[in-house]
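Visitor: Just passing along the structure, written as structure tokens.
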Amino acid sequence: MSLKENINMVKDELNSEEKFFEKAVITEKFVKKYKNVMIGAVIAVVLLVMGNLIYEANKSASIEEANVALSALNQDPTNVDAKSELESLSKELFDVWSYSQAIANNDMKALKELSSSKTFVVADLASYELASSSADQDALSKYSMKQNSIYKDLALVQNAILFINKNEIEKAHQELKKVPQSSSLNKVVLALLHYGVK
């Protein structure tokens with residue numbers, strides 16, 4: 001190797017070391033400038049993760065307590081403490097339990113209260129049970145007109161049967177025609193149209 005090559009090699013090494021130190025200084029300035037922001041971001045992430053873990057643990061404990069209260073109510077429906085605890089822990093689950101009790105005891109007053117429940121399924125089923133139990137054609141018609149009614153087709157068939165019993169055949173036909181062909185009650189509708197409504 002010649003002296004010139006050695007000098008060029010040393011220069012290249014010094015340039016690369018100089019660039020390395022230059023980048024280290026830039027990084028150090030960046031870290032000093034944004035140190036508080038980076039520490040704050042790390043703390044925020046840690047707090048977010050801890051908060052999420054605490055929330056999930058609290059939610060699991062609440063679900064467990066609601067299940068214990070529901071179990072106590074299933075064993076003793078008159079347990080006032082379990083009722084109030086279940087209602088405070090999970091209003092939806094309390095409404096479902098209340099609905100099951102109202103059906104078991106044929107409690108129309110409770111069903112009427114539950115028909116305005118914020119739990120959609122409970123409110124819908126309670127509305128249907130009220131209309132069906134009382135054989136109220138207006139209530140059945142009103143229920144069957146609701147867009148998301150669970151027993152919409154069944155309400156239509158029941159209403160048609162009530163019309164048949166009154167010998168109002170044309171109205172029964174109109175109710176039965178509202179039941180879609182894709183309904184699971186289509187065979188019942190066809191049988192009523194063929195045998196019951198002439």
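Chain labels run A, B, ... following the order of the structure tokens; each chain numbers its residues from 1, and ligands are numbered from 1 in the order shown.
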Among the residues of stretch 35-195 of chain A, find those DSSP assigns to alpha helix (DSSP H) from the backbone and print them as a ChimeraX atom specification.

Guide: /A:35-75,80-89,91-104,108-114,120-134,137-145,152-165,169-177,186-191

Visitor: Find the residues near stretch 156-170 of chain A: any atom within 12 Å, counting only C-alpha atoms, skip ones fewer than 3 places away on the same chain, and give them as a compact mmCIF listing (two decimals) with N, CA, C and O atoms, in the first residue's frame.

Guide:
```
# COMPACT_ATOMS: atom_id res chain seq x y z
N TYR A 128 -95.65 -8.56 22.96
CA TYR A 128 -96.32 -9.66 22.27
C TYR A 128 -97.18 -10.47 23.24
O TYR A 128 -98.34 -10.79 22.94
N GLU A 129 -96.62 -10.81 24.39
CA GLU A 129 -97.36 -11.61 25.38
C GLU A 129 -98.62 -10.90 25.84
O GLU A 129 -99.66 -11.53 26.01
N ALA A 131 -100.41 -8.65 24.13
CA ALA A 131 -101.39 -8.67 23.04
C ALA A 131 -101.96 -10.06 22.83
O ALA A 131 -103.17 -10.22 22.62
N SER A 132 -101.10 -11.07 22.90
CA SER A 132 -101.53 -12.44 22.67
C SER A 132 -102.44 -12.94 23.79
O SER A 132 -103.47 -13.57 23.54
N SER A 133 -102.07 -12.68 25.03
CA SER A 133 -102.85 -13.17 26.18
C SER A 133 -104.24 -12.56 26.22
O SER A 133 -105.21 -13.23 26.60
N SER A 134 -104.32 -11.30 25.84
CA SER A 134 -105.62 -10.63 25.91
C SER A 134 -106.44 -10.80 24.63
O SER A 134 -107.57 -10.35 24.57
N ALA A 135 -105.85 -11.45 23.61
CA ALA A 135 -106.49 -11.64 22.31
C ALA A 135 -107.00 -10.30 21.76
O ALA A 135 -108.07 -10.20 21.19
N ASP A 136 -106.18 -9.28 21.95
CA ASP A 136 -106.50 -7.92 21.53
C ASP A 136 -106.03 -7.73 20.09
O ASP A 136 -104.83 -7.65 19.82
N GLN A 137 -106.99 -7.67 19.16
CA GLN A 137 -106.64 -7.56 17.75
C GLN A 137 -105.90 -6.27 17.43
O GLN A 137 -104.98 -6.27 16.61
N ASP A 138 -106.30 -5.18 18.05
CA ASP A 138 -105.61 -3.91 17.80
C ASP A 138 -104.16 -3.98 18.27
O ASP A 138 -103.25 -3.53 17.57
N ALA A 139 -103.95 -4.56 19.44
CA ALA A 139 -102.58 -4.68 19.97
C ALA A 139 -101.75 -5.62 19.10
O ALA A 139 -100.57 -5.36 18.85
N LEU A 140 -102.36 -6.73 18.64
CA LEU A 140 -101.63 -7.65 17.75
C LEU A 140 -101.28 -6.97 16.43
O LEU A 140 -100.18 -7.15 15.90
N SER A 141 -102.21 -6.19 15.88
CA SER A 141 -101.94 -5.47 14.63
C SER A 141 -100.83 -4.45 14.83
O SER A 141 -99.92 -4.34 14.00
N LYS A 142 -100.92 -3.72 15.92
CA LYS A 142 -99.89 -2.72 16.23
C LYS A 142 -98.53 -3.39 16.39
O LYS A 142 -97.52 -2.91 15.88
N TYR A 143 -98.51 -4.52 17.09
CA TYR A 143 -97.25 -5.26 17.28
C TYR A 143 -96.70 -5.75 15.95
O TYR A 143 -95.50 -5.63 15.68
N SER A 144 -97.56 -6.29 15.09
CA SER A 144 -97.09 -6.85 13.82
C SER A 144 -96.61 -5.77 12.85
O SER A 144 -95.89 -6.06 11.90
N MET A 145 -97.00 -4.52 13.08
CA MET A 145 -96.55 -3.44 12.21
C MET A 145 -95.17 -2.92 12.59
O MET A 145 -94.54 -2.23 11.79
N LYS A 146 -94.72 -3.24 13.80
CA LYS A 146 -93.38 -2.79 14.20
C LYS A 146 -92.35 -3.50 13.33
O LYS A 146 -92.47 -4.70 13.08
N SER A 149 -90.16 -6.58 15.07
CA SER A 149 -90.89 -7.47 15.98
C SER A 149 -90.41 -8.91 15.81
O SER A 149 -90.30 -9.40 14.68
N ILE A 150 -90.17 -9.55 16.93
CA ILE A 150 -89.66 -10.93 16.90
C ILE A 150 -90.74 -11.90 16.43
O ILE A 150 -90.49 -12.78 15.61
N TYR A 151 -91.95 -11.76 16.94
CA TYR A 151 -93.04 -12.67 16.60
C TYR A 151 -94.05 -12.01 15.64
O TYR A 151 -95.25 -12.24 15.73
N LYS A 152 -93.55 -11.24 14.72
CA LYS A 152 -94.41 -10.50 13.78
C LYS A 152 -95.34 -11.45 13.02
O LYS A 152 -96.55 -11.23 12.97
N ASP A 153 -94.78 -12.50 12.44
CA ASP A 153 -95.59 -13.43 11.64
C ASP A 153 -96.61 -14.16 12.50
O ASP A 153 -97.75 -14.37 12.09
N HIS A 173 -108.06 -13.11 5.41
CA HIS A 173 -107.24 -13.25 4.20
C HIS A 173 -106.17 -12.16 4.14
O HIS A 173 -105.01 -12.43 3.83
N GLN A 174 -106.58 -10.93 4.42
CA GLN A 174 -105.65 -9.81 4.36
C GLN A 174 -104.50 -10.00 5.36
O GLN A 174 -103.34 -9.72 5.04
N GLU A 175 -104.81 -10.47 6.55
CA GLU A 175 -103.77 -10.70 7.56
C GLU A 175 -102.81 -11.81 7.12
O GLU A 175 -101.60 -11.68 7.24
N LEU A 176 -103.38 -12.89 6.59
CA LEU A 176 -102.55 -14.03 6.19
C LEU A 176 -101.66 -13.69 5.00
O LEU A 176 -100.55 -14.21 4.88
N LYS A 177 -102.13 -12.81 4.13
CA LYS A 177 -101.31 -12.42 2.97
C LYS A 177 -100.11 -11.57 3.37
O LYS A 177 -99.17 -11.44 2.60
N LYS A 178 -100.13 -11.00 4.55
CA LYS A 178 -99.01 -10.19 5.04
C LYS A 178 -97.82 -11.05 5.49
O LYS A 178 -96.71 -10.57 5.60
N VAL A 179 -98.09 -12.34 5.73
CA VAL A 179 -97.02 -13.24 6.17
C VAL A 179 -96.18 -13.61 4.95
O VAL A 179 -96.70 -14.12 3.96
N PRO A 180 -94.87 -13.34 4.99
CA PRO A 180 -94.03 -13.65 3.81
C PRO A 180 -93.92 -15.15 3.57
O PRO A 180 -94.02 -15.96 4.50
N SER A 183 -91.44 -17.25 5.56
CA SER A 183 -91.68 -17.43 6.99
C SER A 183 -91.78 -18.91 7.35
O SER A 183 -92.25 -19.73 6.56
N SER A 184 -91.37 -19.23 8.57
CA SER A 184 -91.50 -20.61 9.04
C SER A 184 -92.97 -20.98 9.27
O SER A 184 -93.30 -22.15 9.40
N LEU A 185 -93.83 -19.99 9.32
CA LEU A 185 -95.27 -20.24 9.50
C LEU A 185 -96.01 -20.35 8.17
O LEU A 185 -97.25 -20.40 8.15
N ASN A 186 -95.30 -20.39 7.06
CA ASN A 186 -95.94 -20.42 5.75
C ASN A 186 -96.86 -21.62 5.57
O ASN A 186 -97.94 -21.51 4.98
N LYS A 187 -96.48 -22.79 6.10
CA LYS A 187 -97.35 -23.98 5.98
C LYS A 187 -98.65 -23.79 6.75
O LYS A 187 -99.72 -24.21 6.30
N VAL A 188 -98.56 -23.15 7.90
CA VAL A 188 -99.76 -22.87 8.69
C VAL A 188 -100.66 -21.91 7.92
O VAL A 188 -101.88 -22.09 7.86
N VAL A 189 -100.04 -20.88 7.33
CA VAL A 189 -100.80 -19.90 6.54
C VAL A 189 -101.50 -20.59 5.38
O VAL A 189 -102.69 -20.36 5.14
N LEU A 190 -100.78 -21.46 4.66
CA LEU A 190 -101.39 -22.17 3.53
C LEU A 190 -102.53 -23.07 3.99
O LEU A 190 -103.57 -23.15 3.33
N ALA A 191 -102.34 -23.74 5.13
CA ALA A 191 -103.41 -24.59 5.65
C ALA A 191 -104.64 -23.75 6.04
O ALA A 191 -105.77 -24.17 5.73
N LEU A 192 -104.43 -22.62 6.66
CA LEU A 192 -105.56 -21.76 7.02
C LEU A 192 -106.26 -21.23 5.77
O LEU A 192 -107.49 -21.14 5.73
N LEU A 193 -105.48 -20.86 4.78
CA LEU A 193 -106.07 -20.36 3.55
C LEU A 193 -106.86 -21.44 2.83
O LEU A 193 -107.92 -21.20 2.26
N TYR A 195 -108.00 -24.60 4.22
CA TYR A 195 -109.06 -25.29 4.98
C TYR A 195 -109.90 -24.35 5.84
O TYR A 195 -111.11 -24.53 5.98
N GLY A 196 -109.25 -23.36 6.43
CA GLY A 196 -109.97 -22.55 7.41
C GLY A 196 -110.67 -21.36 6.85
O GLY A 196 -111.68 -20.91 7.38
N VAL A 197 -110.14 -20.81 5.77
CA VAL A 197 -110.69 -19.54 5.27
C VAL A 197 -111.19 -19.76 3.85
O VAL A 197 -110.40 -19.84 2.92
N LYS A 198 -112.49 -19.87 3.68
CA LYS A 198 -113.04 -20.05 2.33
C LYS A 198 -114.14 -19.05 2.10
O LYS A 198 -114.78 -18.56 2.94
```

Visitor: Find the residues around A:Asn74 up to 12 Å (only C-alpha atoms counted), leave out those fewer than 5 positions away in its own chain, and share them as a list of chain:residue names.

Guide: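 Selected residues are A:Asn67, A:Val68, A:Ala69, A:Asn79, A:Ala82, A:Lys83, A:Leu86, A:Phe94, A:Trp97, A:Ser98, A:Ser100, A:Gln101.
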
Visitor: So that I can check the surroundings of A:Ala66, please list as a ChimeraX atom specification every protein, DNA and RNA residue that reaches within 12 Å of it, counting only C-alpha atoms and ignoring chain neighbours fewer than 6 positions away.

Guide: /A:59-60,72-73,82-94,97

Visitor: Report, in Å to a single decimal, how far apart atom CA of A:Asp124 and atom CA of A:Glu64 are.

Guide: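 So the two atoms, atom CA of A:Glu64 and atom CA of A:Asp124, lie 27.2 Å apart.
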
Visitor: Quick one: residues within 7 Å of A:Leu111, only C-alpha atoms counted, chain neighbours fewer than 3 positions away excluded, as an MDAnalysis selection string?

Guide: chainID A and resid 99 102 107:108 114:115 126 130
